Amino acid sequence: MTDAFVYCPPTQPWLDVLYQDKDLIVLNKPSGLLTNPGRGAHLADCLLSRVQQQYPLAQLVHRLDLATSGVVVMALRRKAEAALKQQFANRSVQKRYLALVWGRLKESSGTIDVPLIADSDNPPRQKVCVATGKAAITHYRLLQQLPDRALVELRPVTGRSHQLRMHMLQLGHPILGDAFYAHSDALAASPRLLLHAATLQLQQPYSGEPQCFNADTDFVTANGELKTL
């Protein structure tokens, strides 16, 4: 967080629950809401704290950036927490994001393999570092090309901080509304970061049955259809 950062989390809806059973709860997090609390009382309101008001034992197993919207799963029991965290650690969870990016893509699909590391001089930003960066891989696919922007599907293999934002920047197509990485035109094109975690596939931690959760948002449906521009 920078000194200029002012946290004004959305209150409607208070919680958007997509699914719930005895082991887990799945939610559609809005852009602008922290997944977990930050430092200080002014950053206490978050998705986790809201869920814990109803389910005190709820625990995070992964997170989304403040500005990113979409599917978040939380564990409601200790054994479920361990099982879900293991799935994320093993990279067996399948994640699908949708983003509106600046410009016209030259290729309709591809893979970005660019290592990333924290930018210690400009936290929480990341930067590319071939020598010491951690491996970061993202598959992308063009869904719809518009005159000055494009709707893309992003499937991260790894889960580095700001990975999708940095990888699209490296491709030459920053995500619209990205306050950290977009140039002035791309930043001005949207009042929020147009990055959405649309689909999450995992195994139910008790039964092992595959589960798939989808969420739409204010700019695109979970199926990849633009709602507003």
# chains A, B, ... in the order shown; residues from 1 in each chain; ligands from 1

$ select_by_dssp --residues "stretch 22-228 of chain A" --states "helix (DSSP H, G or I)" --output "number ranges by chain"
A: 41-43, 47-54, 78-89, 163-170, 184-188

$ closest_residue --among "A:His42, A:Lys134, A:Lys227, A:Arg104" --to "A:Pro9" --atoms "only C-alpha atoms"
A:His42

$ residues_around --residues "A:Arg50" --least-positions-apart "5" --cutoff "9 Å" --atoms "only C-alpha atoms" --output "list of chain:residue names"
A:Trp14, A:Leu15, A:Asp45, A:Tyr55

$ residues_around --residues "A:Ser161" --least-positions-apart "6" --cutoff "9 Å" --atoms "only C-alpha atoms" --output "list of chain:residue names"
A:Asp65, A:Leu116, A:Ile117, A:Ala118, A:Pro124, A:Arg125, A:Gln126

$ closest_residue --among "A:Leu154, A:Lys106, A:Asn36, A:Gln170" --to "A:Val128" --atoms "only C-alpha atoms"
A:Gln170
